[in-house]
$ cat work_17.txt   # compact mmCIF, C-alpha atoms
# COMPACT_ATOMS: atom_id res chain seq x y z
CA MET H 1 -38.29 8.42 1.69
CA VAL H 2 -40.38 7.28 -1.32
CA ALA H 3 -37.31 5.90 -3.08
CA GLN H 4 -36.83 3.36 -0.28
CA MET H 5 -39.84 1.32 -1.48
CA ASP H 6 -39.99 -0.67 -4.70
CA ASP H 7 -42.78 -0.23 -7.26
CA LYS H 8 -44.85 -3.13 -5.87
CA ASN H 9 -45.04 -1.67 -2.33
CA ARG H 10 -45.66 1.83 -3.71
CA ALA H 11 -48.66 0.43 -5.59
CA LEU H 12 -49.96 -1.26 -2.41
CA CYS H 13 -49.77 2.02 -0.51
CA PHE H 14 -51.87 3.74 -3.18
CA LEU H 15 -54.37 0.84 -3.31
CA TYR H 16 -54.93 0.80 0.47
CA ARG H 17 -55.67 4.55 0.40
CA ASN H 18 -57.80 4.32 -2.77
CA PRO H 19 -59.60 0.95 -2.44
CA PRO H 20 -62.41 -0.27 -4.79
CA LYS H 21 -65.97 0.65 -3.90
CA GLY H 22 -67.28 -1.15 -0.82
CA GLN H 23 -63.85 -1.51 0.83
CA LYS H 24 -62.61 0.59 3.71
CA LYS H 25 -59.73 3.04 3.25
CA LEU H 26 -56.89 2.32 5.69
CA PRO H 27 -55.07 5.00 7.71
CA TYR H 28 -51.42 5.68 6.90
CA SER H 29 -50.22 4.10 10.17
CA LYS H 30 -51.85 0.73 9.34
CA ILE H 31 -50.58 0.79 5.76
CA ALA H 32 -47.07 1.31 7.14
CA ASP H 33 -47.40 -2.04 8.96
CA LYS H 34 -48.42 -3.87 5.75
CA VAL H 35 -45.75 -2.69 3.28
CA ARG H 36 -41.97 -2.98 3.29
CA ASN H 37 -38.99 -0.87 2.36
CA LYS H 38 -36.30 -2.28 0.10
CA ASP H 39 -34.23 -3.16 3.18
CA GLY H 40 -37.09 -5.23 4.65
CA GLY H 41 -38.20 -2.74 7.32
CA ASN H 42 -41.49 -0.84 7.62
CA PRO H 43 -41.75 2.71 6.25
CA THR H 44 -43.00 5.55 8.42
CA PRO H 45 -46.60 6.80 8.01
CA ALA H 46 -45.15 10.04 6.57
CA ALA H 47 -43.32 8.03 3.91
CA VAL H 48 -46.54 6.22 3.02
CA ARG H 49 -48.38 9.54 2.67
CA ASP H 50 -45.63 10.90 0.35
CA CYS H 51 -45.78 7.72 -1.68
CA VAL H 52 -49.55 8.00 -2.18
CA THR H 53 -49.41 11.74 -2.94
CA ASN H 54 -46.69 11.34 -5.55
CA PHE H 55 -47.81 8.01 -7.00
CA HIS H 56 -49.07 9.40 -10.32
CA LYS H 57 -46.41 12.08 -10.66
CA PRO H 58 -43.65 11.26 -13.18
CA LYS H 59 -40.33 10.29 -11.64
CA ALA H 60 -37.67 12.97 -11.69
CA THR H 61 -35.08 12.25 -14.37
CA THR H 62 -31.45 12.28 -13.31
CA GLY H 63 -28.23 12.57 -15.30
CA ARG H 64 -27.68 14.11 -18.70
CA LYS H 65 -30.40 14.42 -21.28
CA LYS H 66 -30.19 12.12 -24.26
CA GLY H 67 -27.87 13.56 -26.88
CA TRP H 68 -26.41 16.14 -24.45
CA ARG H 69 -22.72 17.03 -25.03
CA LYS H 70 -20.37 19.12 -22.94
CA THR H 71 -19.18 21.02 -26.00
CA THR H 72 -20.97 22.45 -29.00
CA LYS H 73 -19.95 21.72 -32.60
CA ALA H 74 -18.39 25.18 -32.78
CA GLU H 75 -16.34 24.46 -29.64
CA ASP H 76 -15.24 21.11 -31.11
CA LYS H 77 -13.92 23.00 -34.13
CA THR H 78 -12.07 25.41 -31.82
CA ILE H 79 -10.41 22.48 -30.01
CA LEU H 80 -9.31 20.96 -33.31
CA LYS H 81 -8.07 24.31 -34.63
CA LYS H 82 -5.99 25.00 -31.51
CA PHE H 83 -4.66 21.43 -31.59
CA HIS H 84 -3.32 21.88 -35.12
CA LYS H 85 -1.80 25.20 -34.11
CA VAL H 86 0.17 23.84 -31.15
CA ARG H 87 1.01 20.57 -32.92
CA PRO H 88 2.40 21.23 -36.39
CA PRO H 89 3.13 17.91 -38.19
CA GLY H 90 5.51 15.81 -36.11
CA HIS H 91 5.76 18.12 -33.09
CA GLY H 92 5.39 16.57 -29.66
CA VAL H 93 2.35 17.76 -27.71
CA ASP H 94 0.27 16.54 -24.77
CA SER H 95 -3.25 17.28 -23.54
CA ARG H 96 -1.99 19.85 -21.01
CA LYS H 97 -0.46 21.99 -23.75
CA ILE H 98 -3.58 21.73 -25.95
CA HIS H 99 -5.89 22.61 -23.05
CA ALA H 100 -3.73 25.63 -22.14
CA ALA H 101 -4.02 26.93 -25.72
CA LEU H 102 -7.84 27.03 -25.64
CA PRO H 103 -9.72 30.31 -25.14
CA ALA H 104 -10.11 31.09 -21.43
CA LYS H 105 -13.90 30.61 -21.42
CA LEU H 106 -13.64 27.18 -23.06
CA SER H 107 -10.72 25.99 -20.93
CA MET H 108 -12.72 26.87 -17.79
CA LYS H 109 -15.71 24.95 -19.12
CA ILE H 110 -13.94 21.67 -19.99
CA GLY H 111 -11.05 19.62 -18.66
CA ARG H 112 -8.19 17.82 -20.38
CA LYS H 113 -10.15 14.58 -20.56
CA THR H 114 -12.79 16.22 -22.73
CA VAL H 115 -10.05 17.54 -24.99
CA THR H 116 -8.58 14.05 -25.47
CA ARG H 117 -12.05 12.62 -26.15
CA ARG H 118 -12.79 15.19 -28.84
CA LEU H 119 -9.41 14.51 -30.48
CA ALA H 120 -9.96 10.74 -30.25
CA ALA H 121 -13.31 11.17 -32.00
CA LYS H 122 -11.36 12.63 -34.94
CA GLY H 123 -8.78 9.83 -34.82
CA TYR H 124 -6.00 11.68 -32.95
CA THR H 125 -4.58 9.49 -30.18
CA PRO H 126 -1.21 9.57 -28.33
CA SER H 127 1.20 7.37 -30.33
CA LYS H 128 4.91 6.64 -30.23
CA LYS H 129 6.86 7.64 -33.30
CA VAL H 130 8.27 4.94 -35.55
CA GLN H 131 12.00 4.42 -35.08
CA LYS H 132 14.42 1.64 -36.02
CA SER H 133 15.46 -0.23 -32.87
CA ASP H 134 16.36 -3.83 -33.89
CA PRO H 135 20.01 -4.43 -32.86
CA GLY H 136 20.48 -7.39 -35.23
CA ARG H 137 20.87 -11.11 -34.44
CA ALA H 138 24.61 -11.12 -33.57
CA LEU H 139 24.31 -8.22 -31.12
CA ARG H 140 21.15 -9.69 -29.58
CA LEU H 141 23.04 -12.90 -28.78
CA ARG H 142 25.91 -10.96 -27.17
CA ARG H 143 23.42 -8.98 -25.11
CA VAL H 144 21.71 -12.15 -23.88
CA ASP H 145 25.09 -13.74 -22.96
CA PHE H 146 26.03 -10.64 -20.95
CA ALA H 147 22.65 -10.57 -19.18
CA GLU H 148 22.79 -14.28 -18.31
CA THR H 149 26.19 -13.73 -16.67
CA HIS H 150 24.71 -11.17 -14.27
CA VAL H 151 21.00 -12.04 -14.00
CA ALA H 152 21.42 -13.69 -10.59
CA LYS H 153 22.48 -10.39 -8.98
CA SER H 154 19.84 -8.49 -7.03
CA ALA H 155 19.64 -4.70 -6.90
CA SER H 156 21.56 -4.61 -3.58
CA GLN H 157 24.21 -6.98 -4.97
CA TRP H 158 24.67 -4.71 -7.99
CA LYS H 159 25.24 -1.77 -5.66
CA ALA H 160 27.98 -3.71 -3.87
CA TYR H 161 29.49 -5.02 -7.12
CA LEU H 162 29.41 -1.85 -9.23
CA GLN H 163 30.50 1.46 -7.72
CA ALA H 164 29.40 3.78 -10.53
CA VAL H 165 27.99 4.15 -14.04
CA GLY H 166 29.29 6.81 -16.39
CA ASP H 167 28.87 8.11 -19.90
CA ILE H 168 29.44 11.08 -22.19
CA LYS H 169 26.47 12.92 -23.64
CA GLU H 170 26.62 15.41 -26.48
CA PHE H 171 24.05 18.18 -26.14
CA THR H 172 23.33 20.25 -29.23
CA TYR H 173 22.72 23.97 -29.36
CA TYR H 174 20.32 24.90 -32.15
CA PRO H 175 20.15 28.48 -33.40
CA GLN H 176 16.79 30.16 -33.43
CA GLU H 177 15.98 29.35 -37.07
CA LEU H 178 16.43 25.58 -36.49
CA ARG H 179 14.82 25.27 -33.06
CA ALA H 180 11.24 24.71 -34.24
CA ARG H 181 12.35 21.96 -36.62
CA PHE H 182 14.38 20.35 -33.83
CA LYS H 183 11.39 20.28 -31.47
CA GLN H 184 9.34 18.58 -34.17
CA LEU H 185 11.85 15.82 -34.80
CA ARG H 186 13.09 15.07 -31.28
CA ALA H 187 9.62 14.38 -29.80
CA PRO H 188 9.35 10.57 -29.24
CA TRP H 189 5.53 10.65 -29.37
CA THR H 190 2.61 12.93 -30.07
CA TYR H 191 -1.11 12.94 -30.86
CA MET H 192 -1.60 11.63 -34.40
CA THR H 193 -3.84 9.49 -36.57
CA PRO H 194 -2.80 6.00 -37.77
CA LYS H 195 -2.35 7.44 -41.29
CA GLU H 196 -0.06 10.21 -40.04
CA LYS H 197 2.18 7.75 -38.16
CA TYR H 198 4.15 6.76 -41.27
CA LYS H 199 4.28 10.16 -42.95
CA PRO H 200 7.83 11.60 -43.22
CA ALA H 201 7.06 14.51 -40.87
CA PHE H 202 6.07 12.10 -38.08
CA VAL H 203 8.77 9.43 -38.41
CA ARG H 204 11.64 10.06 -35.99
CA PRO H 205 14.84 10.12 -38.09
CA LYS H 206 18.42 9.50 -37.03
CA ARG H 207 19.67 12.56 -38.92
CA TRP H 208 17.57 15.65 -38.34
CA PHE H 209 19.02 18.27 -40.66
CA LYS H 210 20.78 18.65 -43.97
CA LYS H 211 24.54 19.15 -44.06
CA LYS H 212 24.35 22.91 -44.59
CA ASP H 213 22.04 23.25 -41.56
CA TYR H 214 24.28 21.13 -39.35
CA LYS H 215 27.04 23.69 -39.88
CA LYS H 216 24.92 26.18 -37.93
CA VAL H 217 24.62 24.07 -34.78
CA MET H 218 27.12 23.87 -31.90
CA LYS H 219 27.72 20.92 -29.60
CA GLN H 220 28.79 20.52 -26.01
CA LYS H 221 29.79 17.19 -24.47
CA VAL H 222 29.18 16.49 -20.79
CA PHE H 223 30.67 13.64 -18.76
CA GLY H 224 28.45 12.25 -16.02
CA LEU H 225 29.18 9.66 -13.33
CA THR H 226 26.59 8.35 -10.85
CA THR H 227 27.63 6.18 -7.92
CA SER H 228 25.76 3.35 -6.21
CA THR H 229 25.28 5.70 -3.23
CA GLY H 230 23.48 8.28 -5.39
CA LYS H 231 26.34 10.80 -5.60
CA CYS H 232 26.83 12.51 -8.96
CA LEU H 233 29.78 14.01 -10.79
CA SER H 234 29.46 16.00 -14.01
CA PHE H 235 31.69 18.35 -15.96
CA LEU H 236 31.97 19.86 -19.43
CA VAL H 237 34.22 17.90 -21.78
CA PRO H 238 36.89 20.13 -23.37
CA LYS H 239 37.68 20.33 -27.09
CA PRO H 240 39.56 18.61 -28.58
CA PHE H 241 38.78 15.55 -26.47
CA THR H 242 41.51 12.92 -26.73
CA SER H 243 42.41 9.82 -24.75
CA THR H 244 45.33 11.75 -23.23
CA LYS H 245 42.97 14.53 -22.11
CA TRP H 246 40.58 11.93 -20.69
CA ALA H 247 43.45 10.40 -18.71
CA GLN H 248 44.13 13.82 -17.20
CA LEU H 249 40.45 14.24 -16.30
CA LEU H 250 40.48 10.81 -14.66
CA LYS H 251 43.29 12.00 -12.37
CA SER H 252 41.91 15.48 -11.67
CA HIS H 253 38.15 14.80 -11.44
CA VAL H 254 37.03 11.16 -11.45
CA LEU H 255 39.57 9.58 -9.10
CA PRO H 256 39.26 12.22 -6.31
CA PHE H 257 35.47 11.94 -6.55
CA LEU H 258 35.57 8.12 -6.17
CA LYS H 259 38.01 8.33 -3.25
CA LYS H 260 35.81 10.84 -1.46
CA THR H 261 32.63 8.82 -2.08
CA PHE H 262 34.17 5.45 -1.13
CA PRO H 263 36.92 6.26 1.44
CA ALA H 264 37.23 2.63 2.57
CA LYS H 265 37.80 1.22 -0.94
CA ARG H 266 41.05 0.87 -2.84
CA GLU H 267 39.50 -0.52 -6.03
CA TYR H 268 36.49 0.71 -7.98
CA ARG H 269 34.47 -1.03 -10.67
CA ILE H 270 32.60 1.30 -13.03
CA LEU H 271 30.49 0.94 -16.15
CA LEU H 272 31.50 3.06 -19.13
CA ASP H 273 30.13 2.93 -22.66
CA GLY H 274 32.41 1.62 -25.38
CA GLU H 275 33.50 5.02 -26.71
CA GLY H 276 37.10 4.64 -27.93
CA VAL H 277 38.44 7.76 -26.20
CA LEU H 278 37.35 6.45 -22.78
CA ARG H 279 39.27 3.20 -23.30
CA GLY H 280 42.48 4.46 -24.94
CA GLU H 281 45.95 3.41 -23.72
CA PRO H 282 46.67 6.58 -21.65
CA ALA H 283 43.34 6.12 -19.83
CA LYS H 284 43.96 2.39 -19.30
CA GLU H 285 47.28 3.13 -17.60
CA VAL H 286 45.71 5.67 -15.24
CA MET H 287 42.87 3.29 -14.36
CA LYS H 288 45.26 0.37 -13.79
CA ASP H 289 47.56 2.44 -11.55
CA ASN H 290 44.63 3.74 -9.46
CA GLY H 291 42.52 0.60 -9.07
CA ILE H 292 39.73 1.53 -11.49
CA LYS H 293 38.26 -1.47 -13.31
CA LEU H 294 35.67 -1.40 -16.10
CA LEU H 295 32.66 -3.72 -16.13
CA GLU H 296 33.77 -6.48 -18.49
CA ASN H 297 32.09 -7.65 -21.71
CA LEU H 298 29.51 -4.85 -21.87
CA PRO H 299 28.04 -5.26 -25.41
CA LYS H 300 28.73 -2.44 -27.87
CA TYR H 301 25.90 -0.28 -29.19
CA SER H 302 23.81 -0.95 -26.08
CA PRO H 303 23.05 2.42 -24.47
CA ASP H 304 19.95 0.91 -22.84
CA LEU H 305 22.23 -1.19 -20.59
CA ASN H 306 23.85 1.93 -19.13
CA PRO H 307 21.59 3.49 -16.44
CA GLN H 308 23.36 6.83 -16.94
CA GLU H 309 21.20 7.19 -20.05
CA HIS H 310 18.26 7.95 -17.72
CA VAL H 311 20.14 11.04 -16.51
CA TRP H 312 20.63 12.22 -20.10
CA ALA H 313 16.98 11.68 -20.98
CA GLY H 314 15.84 13.73 -17.97
CA ALA H 315 18.46 16.41 -18.59
CA GLU H 316 17.40 16.78 -22.23
CA ILE H 317 13.81 17.48 -21.22
CA SER H 318 14.85 19.91 -18.48
CA LEU H 319 17.32 21.66 -20.79
CA ARG H 320 14.81 22.22 -23.58
CA ALA H 321 12.13 23.41 -21.15
CA ALA H 322 14.50 26.07 -19.79
CA GLU H 323 15.67 27.16 -23.24
CA LYS H 324 15.05 30.80 -24.09
CA ARG H 325 14.69 32.25 -27.55
CA LYS H 326 17.78 34.49 -27.37
CA ASP H 327 20.07 32.06 -25.52
CA THR H 328 23.72 32.19 -26.53
CA PHE H 329 25.93 29.10 -26.71
CA GLU H 330 27.67 30.15 -23.47
CA THR H 331 24.30 30.23 -21.67
CA PHE H 332 23.47 26.84 -23.20
CA GLN H 333 26.71 25.34 -21.80
CA LYS H 334 25.84 26.44 -18.25
CA ARG H 335 22.32 25.07 -18.59
CA CYS H 336 23.67 21.68 -19.70
CA LEU H 337 25.40 21.12 -16.34
CA GLN H 338 22.45 22.53 -14.42
CA ALA H 339 20.03 20.17 -16.20
CA VAL H 340 22.24 17.14 -15.41
CA LYS H 341 22.44 18.08 -11.73
CA GLU H 342 18.63 18.33 -11.47
CA TYR H 343 18.14 14.57 -11.99
CA LYS H 344 16.28 13.12 -8.97
CA GLY H 345 16.61 9.32 -9.25
CA ALA H 346 20.39 8.93 -8.89
CA GLY H 347 20.16 6.56 -5.92
CA LYS H 348 18.29 3.91 -7.96
CA LEU H 349 20.42 3.87 -11.12
CA VAL H 350 23.03 1.22 -10.28
CA GLY H 351 20.43 -1.03 -8.66
CA SER H 352 18.33 -0.88 -11.83
CA MET H 353 20.92 -3.12 -13.54
CA ALA H 354 19.15 -6.13 -11.98
CA LYS H 355 15.91 -5.29 -13.77
CA ARG H 356 17.73 -4.56 -17.04
CA MET H 357 19.36 -7.99 -17.13
CA LYS H 358 16.01 -9.72 -16.72
CA MET H 359 14.38 -7.56 -19.39
CA VAL H 360 17.15 -8.28 -21.92
CA ILE H 361 16.65 -12.03 -21.45
CA GLU H 362 12.85 -11.75 -21.59
CA GLN H 363 13.11 -9.77 -24.86
CA THR H 364 15.74 -12.17 -26.30
CA GLY H 365 18.32 -9.43 -26.63
CA ALA H 366 16.12 -6.75 -28.16
CA MET H 367 16.57 -3.15 -27.05
CA ILE H 368 14.80 -2.49 -23.75
CA LYS H 369 11.59 -0.58 -24.38
CA LYS H 370 11.35 2.53 -22.21
$ encode --input "work_17.txt" --output "structure tokens"
Amino acid sequence: MVAQMDDKNRALCFLYRNPPKGQKKLPYSKIADKVRNKDGGNPTPAAVRDCVTNFHKPKATTGRKKGWRKTTKAEDKTILKKFHKVRPPGHGVDSRKIHAALPAKLSMKIGRKTVTRRLAAKGYTPSKKVQKSDPGRALRLRRVDFAETHVAKSASQWKAYLQAVGDIKEFTYYPQELRARFKQLRAPWTYMTPKEKYKPAFVRPKRWFKKKDYKKVMKQKVFGLTTSTGKCLSFLVPKPFTSTKWAQLLKSHVLPFLKKTFPAKREYRILLDGEGVLRGEPAKEVMKDNGIKLLENLPKYSPDLNPQEHVWAGAEISLRAAEKRKDTFETFQKRCLQAVKEYKGAGKLVGSMAKRMKMVIEQTGAMIKK
């Protein structure tokens, strides 16, 4: 009630009840008619009485005391210590993982935002790792030419024009002794200081291990095809993988899938990356005989122009999250297919070509930033 009057009217209330000698003290009801609330109305007599009674009492302070902090200096040290434990140099980590590593009592006391603030105070902020991404002038020009050819197409027009996008992804199985190093290097970003950003442990390299270590890893290729209707096809690529073998897979897997997905069509246009095996003579003959056409003039070394890359990025995260310490290579192979099938945005992939063309032109042929 008292808070509804400003300081001037509060002072008037007190003055009318405590007038100078020789002046008559007014009753609360009459004072209520002479003063105003902040909204312009009259206060009640009870509000006037409260105002007079509390006039000389100090106002209650609200909010935090000056210098108050949610965490003590000891707790700040604990946060920093746990941060360094869950984020060895170069390893990817987010606030959720750091918060989960805190002692139970501290994690109940503070939220993730407090964690990020304490790290920021020490200079640790989420930053993307440095990586070479300039395609070079000649390739940039080819990319712009390709984009300008198709930039007029809308997302719906792309879905009518292009029936599917496909690609081959090589997933790598790392034995237990290399897995920690792999997790450090593959992370695209992490919490780090500006000085750490250019240290060798934090720069994201193209080659992750020495030759002798690479002999310990095993690889599994997966072919994935996503249609404009959101249907997906994926299968493990056999070894050795030749153009003749790919031609056989076109007949046994890809063509039946396209016919089932598009029963009214007799010709199919698909986007495939420029991998030589996919475009060999045996494969060309099969595609020609069965009405499969490739999207023409797709620039080489441009994985960002193939929406299927989104499936691989999501599958990689899902695959590594499901990875167990004692997984065998056979288990890893099964998980590869499972991770690919878990991708949720298949229906939007082909339509996203419209946005990609515009972005390539806006960035004058540079690689599209994800």
$ residues_around --input "work_17.txt" --residues "Glu316 (chain H)" --least-positions-apart "6" --cutoff "10 Å" --atoms "all atoms listed in the file" --output "count of residues only"
7
$ residues_around --input "work_17.txt" --residues "region 95-111 of chain H" --least-positions-apart "2" --cutoff "7 Å" --atoms "only C-alpha atoms" --output "ChimeraX atom specification"
/H:79,82-83,86,93,113-116
$ atom_distance --input "work_17.txt" --atom1 "CA of Pro126 (chain H)" --atom2 "CA of Tyr173 (chain H)"
27.9 Å
$ closest_residue --input "work_17.txt" --among "H:Gly40, H:Gly92, H:Pro307, H:Gly230" --to "Ile368 (chain H)" --atoms "only C-alpha atoms"
H:Pro307
$ atom_distance --input "work_17.txt" --atom1 "CA of Glu296 (chain H)" --atom2 "CA of Glu170 (chain H)"
24.4 Å
$ residues_around --input "work_17.txt" --residues "Thr193 (chain H)" --least-positions-apart "2" --cutoff "6 Å" --atoms "only C-alpha atoms" --output "VMD selection string"
chain H and resid 123 to 124 195 to 196
$ closest_residue --input "work_17.txt" --among "H:Ile292, H:Val350, H:Thr229, H:Arg356" --to "Pro256 (chain H)" --atoms "all atoms listed in the file"
H:Ile292
$ atom_distance --input "work_17.txt" --atom1 "CA of Lys265 (chain H)" --atom2 "CA of Thr227 (chain H)"
13.3 Å
$ residues_around --input "work_17.txt" --residues "region 13-24 of chain H" --least-positions-apart "6" --cutoff "8 Å" --atoms "only C-alpha atoms" --output "list of chain:residue names"
H:Ile31, H:Val35, H:Val48, H:Cys51, H:Val52, H:Phe55
$ closest_residue --input "work_17.txt" --among "H:Lys300, H:Arg325, H:Lys251, H:Lys221" --to "Lys284 (chain H)" --atoms "all atoms listed in the file"
H:Lys251
$ closest_atom_pairs --input "work_17.txt" --of "region 251-334 of chain H" --to "region 362-365 of chain H" --cutoff "12 Å" --atoms "only C-alpha atoms" --output "Markdown table"
| residue | atom | partner | partner_atom | distance |
| --- | --- | --- | --- | --- |
| H:Pro299 | CA | H:Gly365 | CA | 10.6 |
| H:Ser302 | CA | H:Gly365 | CA | 10.1 |
| H:Asp304 | CA | H:Gly365 | CA | 11.1 |
| H:Leu305 | CA | H:Gly365 | CA | 10.9 |
$ closest_residue --input "work_17.txt" --among "H:Leu258, H:Gln220, H:Lys288, H:Ser228" --to "Thr331 (chain H)" --atoms "only C-alpha atoms"
H:Gln220
$ closest_residue --input "work_17.txt" --among "H:Ala283, H:Leu294, H:Val165, H:Leu272" --to "Ser243 (chain H)" --atoms "all atoms listed in the file"
H:Ala283
$ closest_residue --input "work_17.txt" --among "H:Lys334, H:Ala152, H:Arg49, H:Pro188" --to "Ile317 (chain H)" --atoms "only C-alpha atoms"
H:Pro188
$ residues_around --input "work_17.txt" --residues "Pro303 (chain H)" --least-positions-apart "6" --cutoff "9 Å" --atoms "all atoms listed in the file" --output "list in words"
Asp273, Glu309 and Met367 of chain H
$ decode --input "work_17.txt" --residues "region 257-279 of chain H" --atoms "N, CA and C atoms" --output "PDB file, in the first residue's frame"
ATOM      1  N   PHE H 257      14.848 -49.451 -55.438  1.00  0.00           N
ATOM      2  CA  PHE H 257      14.420 -48.456 -54.454  1.00  0.00           C
ATOM      3  C   PHE H 257      13.787 -47.247 -55.147  1.00  0.00           C
ATOM      4  N   LEU H 258      14.408 -46.756 -56.230  1.00  0.00           N
ATOM      5  CA  LEU H 258      13.864 -45.608 -56.964  1.00  0.00           C
ATOM      6  C   LEU H 258      12.531 -45.946 -57.616  1.00  0.00           C
ATOM      7  N   LYS H 259      12.423 -47.154 -58.175  1.00  0.00           N
ATOM      8  CA  LYS H 259      11.166 -47.563 -58.812  1.00  0.00           C
ATOM      9  C   LYS H 259      10.022 -47.663 -57.807  1.00  0.00           C
ATOM     10  N   LYS H 260      10.347 -48.159 -56.628  1.00  0.00           N
ATOM     11  CA  LYS H 260       9.326 -48.284 -55.582  1.00  0.00           C
ATOM     12  C   LYS H 260       8.911 -46.918 -55.048  1.00  0.00           C
ATOM     13  N   THR H 261       9.867 -46.001 -54.933  1.00  0.00           N
ATOM     14  CA  THR H 261       9.587 -44.665 -54.387  1.00  0.00           C
ATOM     15  C   THR H 261       8.857 -43.790 -55.398  1.00  0.00           C
ATOM     16  N   PHE H 262       9.225 -43.929 -56.690  1.00  0.00           N
ATOM     17  CA  PHE H 262       8.608 -43.111 -57.747  1.00  0.00           C
ATOM     18  C   PHE H 262       8.006 -44.035 -58.813  1.00  0.00           C
ATOM     19  N   PRO H 263       6.892 -44.709 -58.509  1.00  0.00           N
ATOM     20  CA  PRO H 263       6.313 -45.705 -59.443  1.00  0.00           C
ATOM     21  C   PRO H 263       5.844 -45.112 -60.768  1.00  0.00           C
ATOM     22  N   ALA H 264       5.536 -43.812 -60.790  1.00  0.00           N
ATOM     23  CA  ALA H 264       5.035 -43.199 -62.023  1.00  0.00           C
ATOM     24  C   ALA H 264       6.156 -42.703 -62.934  1.00  0.00           C
ATOM     25  N   LYS H 265       7.383 -42.700 -62.460  1.00  0.00           N
ATOM     26  CA  LYS H 265       8.508 -42.158 -63.241  1.00  0.00           C
ATOM     27  C   LYS H 265       9.246 -43.262 -63.986  1.00  0.00           C
ATOM     28  N   ARG H 266       9.807 -42.854 -65.132  1.00  0.00           N
ATOM     29  CA  ARG H 266      10.653 -43.763 -65.910  1.00  0.00           C
ATOM     30  C   ARG H 266      12.097 -43.252 -65.968  1.00  0.00           C
ATOM     31  N   GLU H 267      12.297 -42.016 -65.547  1.00  0.00           N
ATOM     32  CA  GLU H 267      13.637 -41.439 -65.488  1.00  0.00           C
ATOM     33  C   GLU H 267      13.839 -40.786 -64.124  1.00  0.00           C
ATOM     34  N   TYR H 268      15.076 -40.849 -63.653  1.00  0.00           N
ATOM     35  CA  TYR H 268      15.388 -40.316 -62.320  1.00  0.00           C
ATOM     36  C   TYR H 268      16.666 -39.481 -62.407  1.00  0.00           C
ATOM     37  N   ARG H 269      16.610 -38.289 -61.846  1.00  0.00           N
ATOM     38  CA  ARG H 269      17.812 -37.456 -61.770  1.00  0.00           C
ATOM     39  C   ARG H 269      18.299 -37.466 -60.328  1.00  0.00           C
ATOM     40  N   ILE H 270      19.567 -37.819 -60.128  1.00  0.00           N
ATOM     41  CA  ILE H 270      20.121 -37.872 -58.772  1.00  0.00           C
ATOM     42  C   ILE H 270      21.432 -37.104 -58.709  1.00  0.00           C
ATOM     43  N   LEU H 271      21.772 -36.675 -57.513  1.00  0.00           N
ATOM     44  CA  LEU H 271      23.041 -35.983 -57.270  1.00  0.00           C
ATOM     45  C   LEU H 271      23.987 -36.960 -56.590  1.00  0.00           C
ATOM     46  N   LEU H 272      25.152 -37.173 -57.205  1.00  0.00           N
ATOM     47  CA  LEU H 272      26.193 -37.992 -56.603  1.00  0.00           C
ATOM     48  C   LEU H 272      27.492 -37.200 -56.583  1.00  0.00           C
ATOM     49  N   ASP H 273      28.282 -37.369 -55.545  1.00  0.00           N
ATOM     50  CA  ASP H 273      29.587 -36.717 -55.514  1.00  0.00           C
ATOM     51  C   ASP H 273      30.482 -37.258 -56.623  1.00  0.00           C
ATOM     52  N   GLY H 274      31.571 -36.562 -56.874  1.00  0.00           N
ATOM     53  CA  GLY H 274      32.422 -36.890 -58.013  1.00  0.00           C
ATOM     54  C   GLY H 274      33.379 -38.040 -57.810  1.00  0.00           C
ATOM     55  N   GLU H 275      33.114 -38.942 -56.865  1.00  0.00           N
ATOM     56  CA  GLU H 275      33.991 -40.089 -56.648  1.00  0.00           C
ATOM     57  C   GLU H 275      34.057 -40.942 -57.909  1.00  0.00           C
ATOM     58  N   GLY H 276      35.288 -41.273 -58.359  1.00  0.00           N
ATOM     59  CA  GLY H 276      35.485 -41.955 -59.631  1.00  0.00           C
ATOM     60  C   GLY H 276      34.739 -43.260 -59.765  1.00  0.00           C
ATOM     61  N   VAL H 277      34.682 -44.042 -58.697  1.00  0.00           N
ATOM     62  CA  VAL H 277      34.020 -45.363 -58.747  1.00  0.00           C
ATOM     63  C   VAL H 277      32.538 -45.217 -59.108  1.00  0.00           C
ATOM     64  N   LEU H 278      31.904 -44.162 -58.617  1.00  0.00           N
ATOM     65  CA  LEU H 278      30.467 -43.964 -58.851  1.00  0.00           C
ATOM     66  C   LEU H 278      30.167 -43.563 -60.289  1.00  0.00           C
ATOM     67  N   ARG H 279      31.200 -43.133 -61.008  1.00  0.00           N
ATOM     68  CA  ARG H 279      30.988 -42.624 -62.373  1.00  0.00           C
ATOM     69  C   ARG H 279      31.773 -43.416 -63.417  1.00  0.00           C
TER      70      ARG H 279
END
